[in-house]
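Engineer: See start24.cif below, with mmCIF, C-alpha atoms.
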data_data
#
loop_
_atom_site.label_atom_id
_atom_site.label_comp_id
_atom_site.auth_asym_id
_atom_site.auth_seq_id
_atom_site.Cartn_x
_atom_site.Cartn_y
_atom_site.Cartn_z
CA MET A 1 86.47 139.18 67.33
CA PHE A 2 86.35 135.83 65.53
CA VAL A 3 84.10 133.21 67.09
CA ASN A 4 84.46 129.56 66.11
CA PRO A 5 81.06 127.97 66.86
CA PHE A 6 82.24 124.43 66.07
CA GLY A 7 85.26 124.01 68.36
CA GLY A 8 85.29 121.73 71.39
CA LYS A 9 81.81 121.33 72.81
CA ARG A 10 80.43 123.99 70.44
CA ARG A 11 80.39 126.62 73.18
CA GLY A 12 81.85 129.47 71.11
CA LEU A 13 78.66 131.46 70.60
CA LYS A 14 77.55 131.02 74.21
CA ILE A 15 80.96 132.23 75.43
CA TYR A 16 80.62 135.34 73.28
CA GLU A 17 76.99 136.06 74.20
CA ASN A 18 77.18 135.26 77.93
CA TYR A 19 80.67 136.51 78.79
CA ALA A 20 82.58 138.39 76.09
CA ARG A 21 79.91 140.81 74.86
CA PRO A 22 78.67 141.88 78.34
CA LEU A 23 82.21 142.37 79.66
CA PHE A 24 83.41 144.30 76.60
CA ASP A 25 80.25 146.45 76.67
CA LEU A 26 80.90 147.21 80.34
CA ALA A 27 84.50 148.18 79.53
CA GLY A 28 83.44 150.37 76.60
CA VAL A 29 85.22 148.25 73.99
CA ASP A 30 84.07 148.76 70.39
CA LEU A 31 83.67 145.24 69.05
CA SER A 32 83.13 143.81 65.57
CA VAL A 33 82.19 140.10 65.52
CA VAL A 34 82.62 137.45 62.84
CA VAL A 35 81.18 133.96 63.38
CA THR A 36 83.26 131.57 61.29
CA LYS A 37 81.78 128.94 59.00
CA LYS A 38 84.76 127.04 57.61
CA LYS A 39 88.39 126.12 58.17
CA ASN A 40 91.02 128.78 57.33
CA GLU A 41 88.34 131.49 57.07
CA ILE A 42 90.10 133.56 59.74
CA ARG A 43 93.51 133.09 58.14
CA ASP A 44 92.27 134.18 54.71
CA ALA A 45 90.27 137.13 56.06
CA LEU A 46 93.17 138.57 58.02
CA GLU A 47 95.70 138.02 55.24
CA GLU A 48 93.70 140.18 52.83
CA ASP A 49 92.41 142.73 55.36
CA ASP A 50 93.53 146.31 54.70
CA LYS A 51 91.41 147.86 57.46
CA LEU A 52 93.31 146.85 60.59
CA ASP A 53 95.25 150.10 61.01
CA GLY A 54 92.69 151.47 63.46
CA VAL A 55 92.21 148.17 65.26
CA ASP A 56 93.89 147.62 68.63
CA ALA A 57 93.45 143.86 68.82
CA VAL A 58 92.18 140.74 67.15
CA VAL A 59 90.45 138.36 69.56
CA CYS A 60 89.41 134.79 68.89
CA VAL A 61 87.08 132.43 70.73
CA GLY A 62 88.07 128.86 69.93
CA GLY A 63 90.75 126.24 70.37
CA ASP A 64 94.41 125.99 69.45
CA GLY A 65 93.67 125.70 65.73
CA THR A 66 91.58 128.88 65.79
CA ALA A 67 94.39 130.81 67.49
CA GLY A 68 96.82 129.40 64.94
CA GLU A 69 94.69 130.78 62.10
CA VAL A 70 94.79 134.24 63.68
CA PHE A 71 98.58 134.19 64.07
CA THR A 72 99.17 132.87 60.55
CA GLY A 73 96.74 135.34 58.97
CA LEU A 74 98.30 138.35 60.72
CA ILE A 75 101.83 137.26 59.76
CA LEU A 76 100.85 136.75 56.09
CA ARG A 77 99.20 140.18 56.09
CA GLU A 78 102.27 141.86 57.56
CA CYS A 79 104.52 140.13 55.02
CA ARG A 80 102.26 141.30 52.18
CA LEU A 81 102.27 144.90 53.38
CA ASN A 82 106.05 144.91 53.76
CA GLY A 83 106.89 143.12 50.50
CA VAL A 84 108.34 140.09 52.33
CA ASN A 85 108.09 136.59 50.87
CA PRO A 86 106.85 134.38 53.73
CA HIS A 87 107.55 131.23 51.74
CA ASN A 88 111.30 131.81 52.03
CA PRO A 89 112.32 129.69 55.07
CA SER A 90 115.27 132.00 55.85
CA VAL A 91 113.49 135.35 55.64
CA ALA A 92 113.19 137.75 58.59
CA ILE A 93 109.44 137.96 59.22
CA PRO A 94 108.07 141.41 60.20
CA LYS A 95 106.16 141.75 63.46
CA PRO A 96 102.45 142.68 63.32
CA LYS A 97 101.45 145.83 65.22
CA VAL A 98 98.07 144.48 66.35
CA LYS A 99 97.81 142.41 69.53
CA VAL A 100 96.01 139.09 69.83
CA GLY A 101 93.61 137.87 72.51
CA VAL A 102 92.94 134.15 72.91
CA VAL A 103 89.70 133.10 74.65
CA PRO A 104 89.34 129.35 75.30
CA GLY A 105 86.55 127.62 73.40
CA GLY A 106 88.08 124.47 71.95
CA SER A 107 88.79 120.88 72.89
CA THR A 108 92.14 121.18 74.66
CA ASP A 109 92.79 124.96 74.81
CA THR A 110 96.49 124.44 75.48
CA THR A 111 97.41 127.86 74.10
CA SER A 112 95.01 129.60 76.46
CA TYR A 113 96.15 127.53 79.44
CA CYS A 114 99.81 128.38 78.82
CA LEU A 115 99.07 132.10 78.39
CA HIS A 116 96.65 132.54 81.29
CA GLY A 117 97.47 129.61 83.58
CA THR A 118 93.88 128.41 83.25
CA THR A 119 91.15 127.76 80.69
CA ASP A 120 88.76 130.03 82.57
CA VAL A 121 86.99 132.28 80.07
CA ILE A 122 86.63 135.24 82.44
CA THR A 123 90.36 135.27 83.21
CA ALA A 124 91.23 135.40 79.51
CA LEU A 125 88.72 138.20 78.89
CA LEU A 126 89.97 140.23 81.87
CA HIS A 127 93.54 140.03 80.58
CA ILE A 128 92.30 141.52 77.30
CA VAL A 129 90.25 144.27 78.96
CA MET A 130 93.11 145.22 81.30
CA GLY A 131 95.55 145.33 78.40
CA ALA A 132 98.20 143.12 79.99
CA SER A 133 100.42 141.75 77.21
CA LEU A 134 103.68 139.97 76.50
CA GLY A 135 105.74 138.94 73.48
CA LEU A 136 105.16 135.40 72.21
CA ASP A 137 107.51 133.37 70.02
CA LEU A 138 106.10 131.92 66.82
CA ILE A 139 107.41 129.02 64.72
CA SER A 140 107.39 129.21 60.93
CA VAL A 141 106.76 125.73 59.48
CA HIS A 142 107.88 125.27 55.88
CA HIS A 143 107.83 122.39 53.41
CA GLU A 144 110.53 123.18 50.85
CA ASP A 145 109.69 126.72 49.61
CA ARG A 146 106.16 126.87 50.98
CA LEU A 147 104.95 128.21 54.32
CA LEU A 148 102.51 125.70 55.81
CA GLN A 149 101.62 127.51 59.02
CA MET A 150 102.81 129.72 61.86
CA SER A 151 102.75 127.66 65.05
CA SER A 152 102.30 129.14 68.51
CA ASN A 153 101.81 125.88 70.38
CA VAL A 154 103.49 122.65 69.29
CA ILE A 155 104.41 120.71 66.18
CA SER A 156 104.49 116.94 66.69
CA TYR A 157 105.17 113.90 64.54
CA GLY A 158 104.37 110.23 64.97
CA PHE A 159 102.02 109.38 67.83
CA LEU A 160 100.53 112.86 68.34
CA GLY A 161 100.47 113.55 64.60
CA ASP A 162 98.45 110.38 64.03
CA ILE A 163 96.01 111.35 66.79
CA SER A 164 95.40 114.71 65.09
CA TYR A 165 94.96 113.14 61.64
CA TYR A 166 92.64 110.29 62.59
CA SER A 167 90.60 112.46 64.97
CA GLU A 168 89.52 114.79 62.17
CA LYS A 169 86.82 112.38 60.99
CA LEU A 170 85.58 111.88 64.55
CA ARG A 171 84.80 115.48 65.48
CA TRP A 172 81.24 114.41 66.31
CA MET A 173 82.72 112.70 69.38
CA GLY A 174 83.96 115.99 70.83
CA PRO A 175 87.14 116.03 72.96
CA THR A 176 86.79 112.29 73.76
CA ARG A 177 87.93 111.51 70.21
CA TYR A 178 91.52 112.24 71.23
CA GLU A 179 91.42 109.66 74.03
CA TYR A 180 89.80 107.08 71.73
CA VAL A 181 92.33 107.49 68.91
CA GLY A 182 95.22 107.90 71.34
CA THR A 183 94.46 104.59 73.06
CA ARG A 184 94.37 102.76 69.74
CA LYS A 185 97.63 104.32 68.56
CA MET A 186 99.35 103.72 71.90
CA LEU A 187 98.49 100.03 71.76
CA GLY A 188 99.49 99.82 68.09
CA GLY A 189 102.84 101.46 68.82
CA ASN A 190 103.87 102.34 65.27
CA GLY A 191 107.38 103.69 64.82
CA TYR A 192 108.48 106.15 62.13
CA GLU A 193 111.95 106.26 60.67
CA GLY A 194 113.52 109.60 59.92
CA THR A 195 116.27 112.11 60.66
CA VAL A 196 115.81 115.20 62.79
CA SER A 197 118.36 118.03 62.86
CA ILE A 198 118.25 120.55 65.71
CA LEU A 199 120.16 123.83 65.99
CA GLY A 200 120.49 124.05 69.75
CA ASN A 201 121.66 122.19 72.84
CA GLU A 202 120.49 119.68 75.43
CA ILE A 203 118.07 120.75 78.16
CA ASP A 204 119.12 120.81 81.79
CA GLU A 205 116.13 119.86 83.96
CA ASN A 206 117.41 122.23 86.64
CA GLN A 207 116.66 125.22 84.41
CA SER A 208 113.84 127.61 85.18
CA LYS A 209 110.21 127.44 84.14
CA CYS A 210 108.36 130.33 82.51
CA TYR A 211 106.33 132.36 84.97
CA GLN A 212 105.03 135.90 85.27
CA HIS A 213 107.82 138.53 84.88
CA CYS A 214 110.10 135.82 83.42
CA SER A 215 113.74 136.94 83.46
CA ARG A 216 114.77 134.55 80.67
CA CYS A 217 112.14 135.92 78.28
CA ALA A 218 113.15 139.49 79.20
CA SER A 219 116.86 138.82 78.72
CA GLY A 220 118.68 138.98 75.40
CA ASN A 221 121.55 136.72 76.47
CA HIS A 222 120.87 133.01 76.02
CA ASP A 223 124.33 131.52 75.43
CA ASP A 224 123.88 131.35 71.66
CA ASN A 225 127.51 130.25 71.32
CA LYS A 226 126.54 126.86 72.79
CA ASP A 227 124.15 126.12 69.93
CA LYS A 228 125.23 123.58 67.35
CA TRP A 229 123.59 121.31 64.81
CA ILE A 230 122.60 117.94 66.29
CA ASP A 231 121.55 115.16 63.88
CA ILE A 232 119.55 112.16 65.12
CA SER A 233 118.44 109.31 62.87
CA SER A 234 116.10 106.87 64.54
CA ASN A 235 112.84 104.98 64.62
CA PHE A 236 110.67 107.54 66.44
CA PHE A 237 107.51 106.92 68.39
CA LEU A 238 107.07 110.64 69.04
CA LEU A 239 108.87 113.80 67.99
CA ALA A 240 107.65 117.17 69.24
CA GLY A 241 108.84 120.76 68.99
CA ALA A 242 107.05 122.84 71.64
CA ASN A 243 106.76 126.63 71.62
CA MET A 244 105.19 126.60 75.10
CA SER A 245 104.93 124.05 77.89
CA CYS A 246 101.70 122.57 76.42
CA ALA A 247 100.41 122.11 79.95
CA GLY A 248 96.76 121.66 80.83
CA SER A 249 94.47 120.84 83.70
CA ARG A 250 95.08 117.10 83.22
CA ASN A 251 98.81 117.35 82.56
CA PRO A 252 100.16 120.20 84.72
CA HIS A 253 103.73 119.91 83.40
CA GLY A 254 102.93 119.49 79.71
CA LEU A 255 105.19 118.05 77.03
CA ALA A 256 107.84 120.70 77.66
CA PRO A 257 107.76 122.08 81.22
CA TYR A 258 110.98 124.11 80.74
CA CYS A 259 109.81 125.84 77.56
CA HIS A 260 109.53 129.64 77.66
CA LEU A 261 107.01 131.82 75.86
CA GLY A 262 109.45 134.41 74.58
CA ASP A 263 113.08 133.25 74.73
CA GLY A 264 113.50 132.41 71.03
CA TYR A 265 113.78 128.65 71.51
CA LEU A 266 111.50 125.68 71.02
CA ASN A 267 111.86 122.62 73.24
CA VAL A 268 112.28 119.34 71.40
CA LEU A 269 111.05 116.07 72.90
CA ILE A 270 112.19 112.83 71.25
CA VAL A 271 110.68 109.50 72.25
CA HIS A 272 112.33 106.63 70.43
CA GLN A 273 110.33 103.54 69.54
CA THR A 274 110.16 101.24 72.54
CA SER A 275 107.92 98.74 74.33
CA LEU A 276 104.31 99.43 75.30
CA TYR A 277 105.31 99.45 78.97
CA GLN A 278 107.93 102.14 78.37
CA ARG A 279 105.55 104.19 76.21
CA LEU A 280 102.92 104.16 78.96
CA ARG A 281 105.57 104.95 81.55
CA THR A 282 106.67 107.96 79.51
CA PHE A 283 103.21 109.49 79.20
CA GLN A 284 102.46 108.83 82.85
CA ARG A 285 105.25 111.29 83.73
CA PHE A 286 103.26 114.20 82.29
CA SER A 287 100.55 113.84 84.96
CA GLN A 288 102.79 113.23 87.97
CA SER A 289 103.41 115.87 90.63
CA SER A 290 107.18 115.76 90.02
CA TYR A 291 108.50 115.74 86.45
CA THR A 292 111.66 114.13 85.11
CA MET A 293 112.66 112.26 81.97
CA ALA A 294 116.32 111.90 82.90
CA ASP A 295 116.02 108.22 83.85
CA LEU A 296 114.30 107.18 80.61
CA SER A 297 116.94 106.04 78.13
CA HIS A 298 114.52 106.17 75.17
CA VAL A 299 113.75 109.88 75.73
CA GLU A 300 115.88 112.88 74.72
CA THR A 301 115.19 116.58 75.25
CA TYR A 302 116.76 119.58 73.51
CA ARG A 303 116.31 123.32 73.21
CA GLY A 304 116.66 124.65 69.68
CA LYS A 305 116.18 127.65 67.43
CA GLU A 306 115.48 125.51 64.39
CA LEU A 307 114.33 121.98 63.62
CA ARG A 308 114.54 120.12 60.32
CA PHE A 309 113.02 116.72 59.64
CA LYS A 310 113.34 114.26 56.77
CA ALA A 311 111.12 111.17 56.87
CA GLY A 312 112.23 107.63 56.07
CA LYS A 313 110.27 104.99 54.17
CA VAL A 314 107.47 104.73 56.76
CA ARG A 315 105.92 108.20 56.88
CA GLY A 316 103.73 109.68 59.58
CA ARG A 317 102.00 113.03 59.82
CA TRP A 318 102.63 116.28 61.61
CA ASN A 319 100.25 117.86 64.08
CA CYS A 320 100.56 121.66 64.08
CA ASP A 321 98.58 123.31 66.90
CA GLY A 322 95.97 120.57 66.73
CA GLU A 323 95.67 120.60 62.93
CA PRO A 324 97.12 117.79 60.76
CA LEU A 325 99.78 118.56 58.14
CA LEU A 326 100.35 116.02 55.38
CA ASP A 327 103.81 117.20 54.29
CA THR A 328 106.36 115.20 56.29
CA ASP A 329 109.68 116.87 55.43
CA ILE A 330 109.64 120.23 57.18
CA ARG A 331 111.80 123.06 58.43
CA ALA A 332 110.64 124.82 61.60
CA ARG A 333 112.29 128.04 62.77
CA VAL A 334 111.61 130.12 65.88
CA HIS A 335 110.97 133.87 65.58
CA ARG A 336 111.44 135.48 68.95
CA GLN A 337 108.48 137.44 70.36
CA LEU A 338 107.02 137.89 66.88
CA ILE A 339 103.51 138.64 68.17
CA ASP A 340 102.13 140.43 71.23
CA VAL A 341 99.38 138.56 73.06
CA TYR A 342 97.14 139.53 75.95
CA SER A 343 98.48 137.74 79.00
CA ARG A 344 100.07 138.47 82.37
CA GLY A 345 102.05 135.25 82.28
CA VAL A 346 101.43 132.27 84.51
CA ALA A 347 101.57 133.02 88.24
CA ASN A 348 104.12 131.05 90.27
CA ASP A 349 101.85 129.85 93.05
#
How does this structure look as structure tokens?
Structural biologist:
Amino acid sequence: MFVNPFGGKRRGLKIYENYARPLFDLAGVDLSVVVTKKKNEIRDALEEDDKLDGVDAVVCVGGDGTAGEVFTGLILRECRLNGVNPHNPSVAIPKPKVKVGVVPGGSTDTTSYCLHGTTDVITALLHIVMGASLGLDLISVHHEDRLLQMSSNVISYGFLGDISYYSEKLRWMGPTRYEYVGTRKMLGGNGYEGTVSILGNEIDENQSKCYQHCSRCASGNHDDNKDKWIDISSNFFLLAGANMSCAGSRNPHGLAPYCHLGDGYLNVLIVHQTSLYQRLRTFQRFSQSSYTMADLSHVETYRGKELRFKAGKVRGRWNCDGEPLLDTDIRARVHRQLIDVYSRGVAND
């Protein structure tokens, strides 16, 4: 178990001591604990670890960035053991044998919310103890011939990328830093020129959402013959490629309410540069009881297996699972159910 003591409200150690250790002791789980001290420590440790053969699971207590380090480290390790070059954007990445448990302990905990339907620590721990698991898609994010990260959550450019970048220096503020930076960037309303290419098709808002025992994730037939390359050059306010709905307690629909955890597709949200009124109107939709973007002419939604982006003269930054990436020209490709995670899926209440 990796515990990030710095994430969110710095609750990582208390979550381990008050909840994880007693519950795992009660269940008879043999646990080895590492308290992290620096960024990418988990990623580097897992990549070079040759002693995971007898390990059933890797569990992390932290936010979306912490979970991302676990996924990336395990993928790099599996590539090393199988002689696969992970920096080749077209390579078939091997699937790790070890499962991953994600326990919420960060600022937003979107990954945990989408896996468990809540950010309740006990629920996440019970899913691990009971052994309930499902296959989760991962996105490989490359800049030229270099793997930047494996994303399990969302990659976003423009507005959300700026929030991630400028919030890094304000970690002392805790989760409120996102609202502070977001308000400033919303009012500023910068646009970013570029071209996005998507291998996929448009999203029908009548399609299903991803719930427990999801038939779409279980099926192998997803009308691949409808996929085609779609090129869009524009002045973007926001561009996002979601691997899960990115829902949370404050935005029950998320950025991509029709995104599935294991169907091999990311959902792409494009918000073109527009007026402040329209920008506010767009983000208000995420918190409403009924969700639709169909009547907003400055918004487009797609489902794709791959996304490529080339920035124009005015460059922004990418946000990958809550962590800023400085390379703007990227290639993101979905790898279907590349990792097994402890989860029962979200209940359809």
Engineer: Return as a tab-separated table the residues of segment 222-331 of chain A lying at most 9 Å from segment 116-131 of chain A, together with the closest atom-to-atom pair for each and the distance in Å to one decimal, counting all atoms listed in the file, with rows in chain order and ascending residue number.
Structural biologist:
residue	atom	partner	partner_atom	distance
A:Ala247	CA	A:Gly117	CA	8.8
A:Gly248	CA	A:Thr118	CA	7.7
A:Ser249	CA	A:Thr118	CA	7.6
Engineer: Translate the PyMOL selection byres ((chain A and resi 64-74) around 7), as applied to the file shown, into an explicit residue set as a list of chain:residue names.
Structural biologist: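 Written out, the selection comes to A:Asn40, A:Ile42, A:Arg43, A:Asp44, A:Leu46, A:Glu47, A:Cys60, A:Gly62, A:Gly63, A:Ile75, A:Leu76, A:Arg77, A:Glu78, A:Pro96, A:Val102, A:Gly106, A:Asp109, A:Thr110, A:Thr111, A:Gln149, A:Met150, A:Ser151, A:Ser152, A:Asp321, A:Gly322, A:Glu323.
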Engineer: Next, dump the selected residues to file, keeping only C-alpha atoms, as a PDB file, in the frame of the given file.
Structural biologist:
ATOM      1  CA  ASN A  40      91.020 128.780  57.330  1.00  0.00           C
ATOM      2  CA  ILE A  42      90.100 133.560  59.740  1.00  0.00           C
ATOM      3  CA  ARG A  43      93.510 133.090  58.140  1.00  0.00           C
ATOM      4  CA  ASP A  44      92.270 134.180  54.710  1.00  0.00           C
ATOM      5  CA  LEU A  46      93.170 138.570  58.020  1.00  0.00           C
ATOM      6  CA  GLU A  47      95.700 138.020  55.240  1.00  0.00           C
ATOM      7  CA  CYS A  60      89.410 134.790  68.890  1.00  0.00           C
ATOM      8  CA  GLY A  62      88.070 128.860  69.930  1.00  0.00           C
ATOM      9  CA  GLY A  63      90.750 126.240  70.370  1.00  0.00           C
ATOM     10  CA  ILE A  75     101.830 137.260  59.760  1.00  0.00           C
ATOM     11  CA  LEU A  76     100.850 136.750  56.090  1.00  0.00           C
ATOM     12  CA  ARG A  77      99.200 140.180  56.090  1.00  0.00           C
ATOM     13  CA  GLU A  78     102.270 141.860  57.560  1.00  0.00           C
ATOM     14  CA  PRO A  96     102.450 142.680  63.320  1.00  0.00           C
ATOM     15  CA  VAL A 102      92.940 134.150  72.910  1.00  0.00           C
ATOM     16  CA  GLY A 106      88.080 124.470  71.950  1.00  0.00           C
ATOM     17  CA  ASP A 109      92.790 124.960  74.810  1.00  0.00           C
ATOM     18  CA  THR A 110      96.490 124.440  75.480  1.00  0.00           C
ATOM     19  CA  THR A 111      97.410 127.860  74.100  1.00  0.00           C
ATOM     20  CA  GLN A 149     101.620 127.510  59.020  1.00  0.00           C
ATOM     21  CA  MET A 150     102.810 129.720  61.860  1.00  0.00           C
ATOM     22  CA  SER A 151     102.750 127.660  65.050  1.00  0.00           C
ATOM     23  CA  SER A 152     102.300 129.140  68.510  1.00  0.00           C
ATOM     24  CA  ASP A 321      98.580 123.310  66.900  1.00  0.00           C
ATOM     25  CA  GLY A 322      95.970 120.570  66.730  1.00  0.00           C
ATOM     26  CA  GLU A 323      95.670 120.600  62.930  1.00  0.00           C
TER      27      GLU A 323
END
Engineer: Taking the file as I've supplied it (selection: the PyMOL selection byres ((chain A and resi 235-238) around 12)), which residues are included? Please answer as a PyMOL selection string.
Structural biologist: chain A and resi 155-163+185-196+232-234+239-241+255+268-276+278-280+282-283+298-301+309+311-319
Engineer: Got time to write the residues from that selection, C-alpha atoms, as an mmCIF file, in the coordinates of the input?
Structural biologist:
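Result written to out.cif:
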data_model
loop_
_atom_site.group_PDB
_atom_site.id
_atom_site.type_symbol
_atom_site.label_atom_id
_atom_site.label_comp_id
_atom_site.auth_asym_id
_atom_site.auth_seq_id
_atom_site.Cartn_x
_atom_site.Cartn_y
_atom_site.Cartn_z
ATOM 1 C CA ILE A 155 104.410 120.710 66.180
ATOM 2 C CA SER A 156 104.490 116.940 66.690
ATOM 3 C CA TYR A 157 105.170 113.900 64.540
ATOM 4 C CA GLY A 158 104.370 110.230 64.970
ATOM 5 C CA PHE A 159 102.020 109.380 67.830
ATOM 6 C CA LEU A 160 100.530 112.860 68.340
ATOM 7 C CA GLY A 161 100.470 113.550 64.600
ATOM 8 C CA ASP A 162 98.450 110.380 64.030
ATOM 9 C CA ILE A 163 96.010 111.350 66.790
ATOM 10 C CA LYS A 185 97.630 104.320 68.560
ATOM 11 C CA MET A 186 99.350 103.720 71.900
ATOM 12 C CA LEU A 187 98.490 100.030 71.760
ATOM 13 C CA GLY A 188 99.490 99.820 68.090
ATOM 14 C CA GLY A 189 102.840 101.460 68.820
ATOM 15 C CA ASN A 190 103.870 102.340 65.270
ATOM 16 C CA GLY A 191 107.380 103.690 64.820
ATOM 17 C CA TYR A 192 108.480 106.150 62.130
ATOM 18 C CA GLU A 193 111.950 106.260 60.670
ATOM 19 C CA GLY A 194 113.520 109.600 59.920
ATOM 20 C CA THR A 195 116.270 112.110 60.660
ATOM 21 C CA VAL A 196 115.810 115.200 62.790
ATOM 22 C CA ILE A 232 119.550 112.160 65.120
ATOM 23 C CA SER A 233 118.440 109.310 62.870
ATOM 24 C CA SER A 234 116.100 106.870 64.540
ATOM 25 C CA LEU A 239 108.870 113.800 67.990
ATOM 26 C CA ALA A 240 107.650 117.170 69.240
ATOM 27 C CA GLY A 241 108.840 120.760 68.990
ATOM 28 C CA LEU A 255 105.190 118.050 77.030
ATOM 29 C CA VAL A 268 112.280 119.340 71.400
ATOM 30 C CA LEU A 269 111.050 116.070 72.900
ATOM 31 C CA ILE A 270 112.190 112.830 71.250
ATOM 32 C CA VAL A 271 110.680 109.500 72.250
ATOM 33 C CA HIS A 272 112.330 106.630 70.430
ATOM 34 C CA GLN A 273 110.330 103.540 69.540
ATOM 35 C CA THR A 274 110.160 101.240 72.540
ATOM 36 C CA SER A 275 107.920 98.740 74.330
ATOM 37 C CA LEU A 276 104.310 99.430 75.300
ATOM 38 C CA GLN A 278 107.930 102.140 78.370
ATOM 39 C CA ARG A 279 105.550 104.190 76.210
ATOM 40 C CA LEU A 280 102.920 104.160 78.960
ATOM 41 C CA THR A 282 106.670 107.960 79.510
ATOM 42 C CA PHE A 283 103.210 109.490 79.200
ATOM 43 C CA HIS A 298 114.520 106.170 75.170
ATOM 44 C CA VAL A 299 113.750 109.880 75.730
ATOM 45 C CA GLU A 300 115.880 112.880 74.720
ATOM 46 C CA THR A 301 115.190 116.580 75.250
ATOM 47 C CA PHE A 309 113.020 116.720 59.640
ATOM 48 C CA ALA A 311 111.120 111.170 56.870
ATOM 49 C CA GLY A 312 112.230 107.630 56.070
ATOM 50 C CA LYS A 313 110.270 104.990 54.170
ATOM 51 C CA VAL A 314 107.470 104.730 56.760
ATOM 52 C CA ARG A 315 105.920 108.200 56.880
ATOM 53 C CA GLY A 316 103.730 109.680 59.580
ATOM 54 C CA ARG A 317 102.000 113.030 59.820
ATOM 55 C CA TRP A 318 102.630 116.280 61.610
ATOM 56 C CA ASN A 319 100.250 117.860 64.080
#
Engineer: Of the candidates A:Lys99, A:His142, A:Lys209, A:Arg216, which one gets nearest to Val341 of chain A if we count all atoms listed in the file?
Structural biologist: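 Of A:Lys99, A:His142, A:Lys209, A:Arg216, the one nearest Val341 of chain A, counting all atoms listed in the file, is A:Lys99.
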Engineer: Can you tell me how far atom CA of Cys320 of chain A sits from atom CA of Glu17 of chain A, in Å to one decimal?
Structural biologist: 29.4 Å
Engineer: If I take atom CA of Trp172 of chain A and atom CA of Val35 of chain A, how far is one from the other in Å, to one decimal?
Structural biologist: 19.8 Å
Engineer: From (99.4, 111.9, 80.3), in the file's coordinates, out to 9 Å: which residues are reached, counting all atoms listed in the file? Answer as a PyMOL selection string.
Structural biologist: chain A and resi 250-251+254+280+282-288
Engineer: How big is the axis-aligned box, and where does its centre sit, when it encloses all atoms of segment 286-301 of chain A listed in the file and has 5 Å added on every side, reported in Å to one decimal as AutoDock Vina command-line options?
Structural biologist:
--center_x 108.7 --center_y 111.3 --center_z 82.7 --size_x 26.4 --size_y 20.5 --size_z 25.9
Engineer: Hey, can you check how far atom CA of Leu115 of chain A sits from atom CA of Tyr180 of chain A?
Structural biologist: 27.5 Å
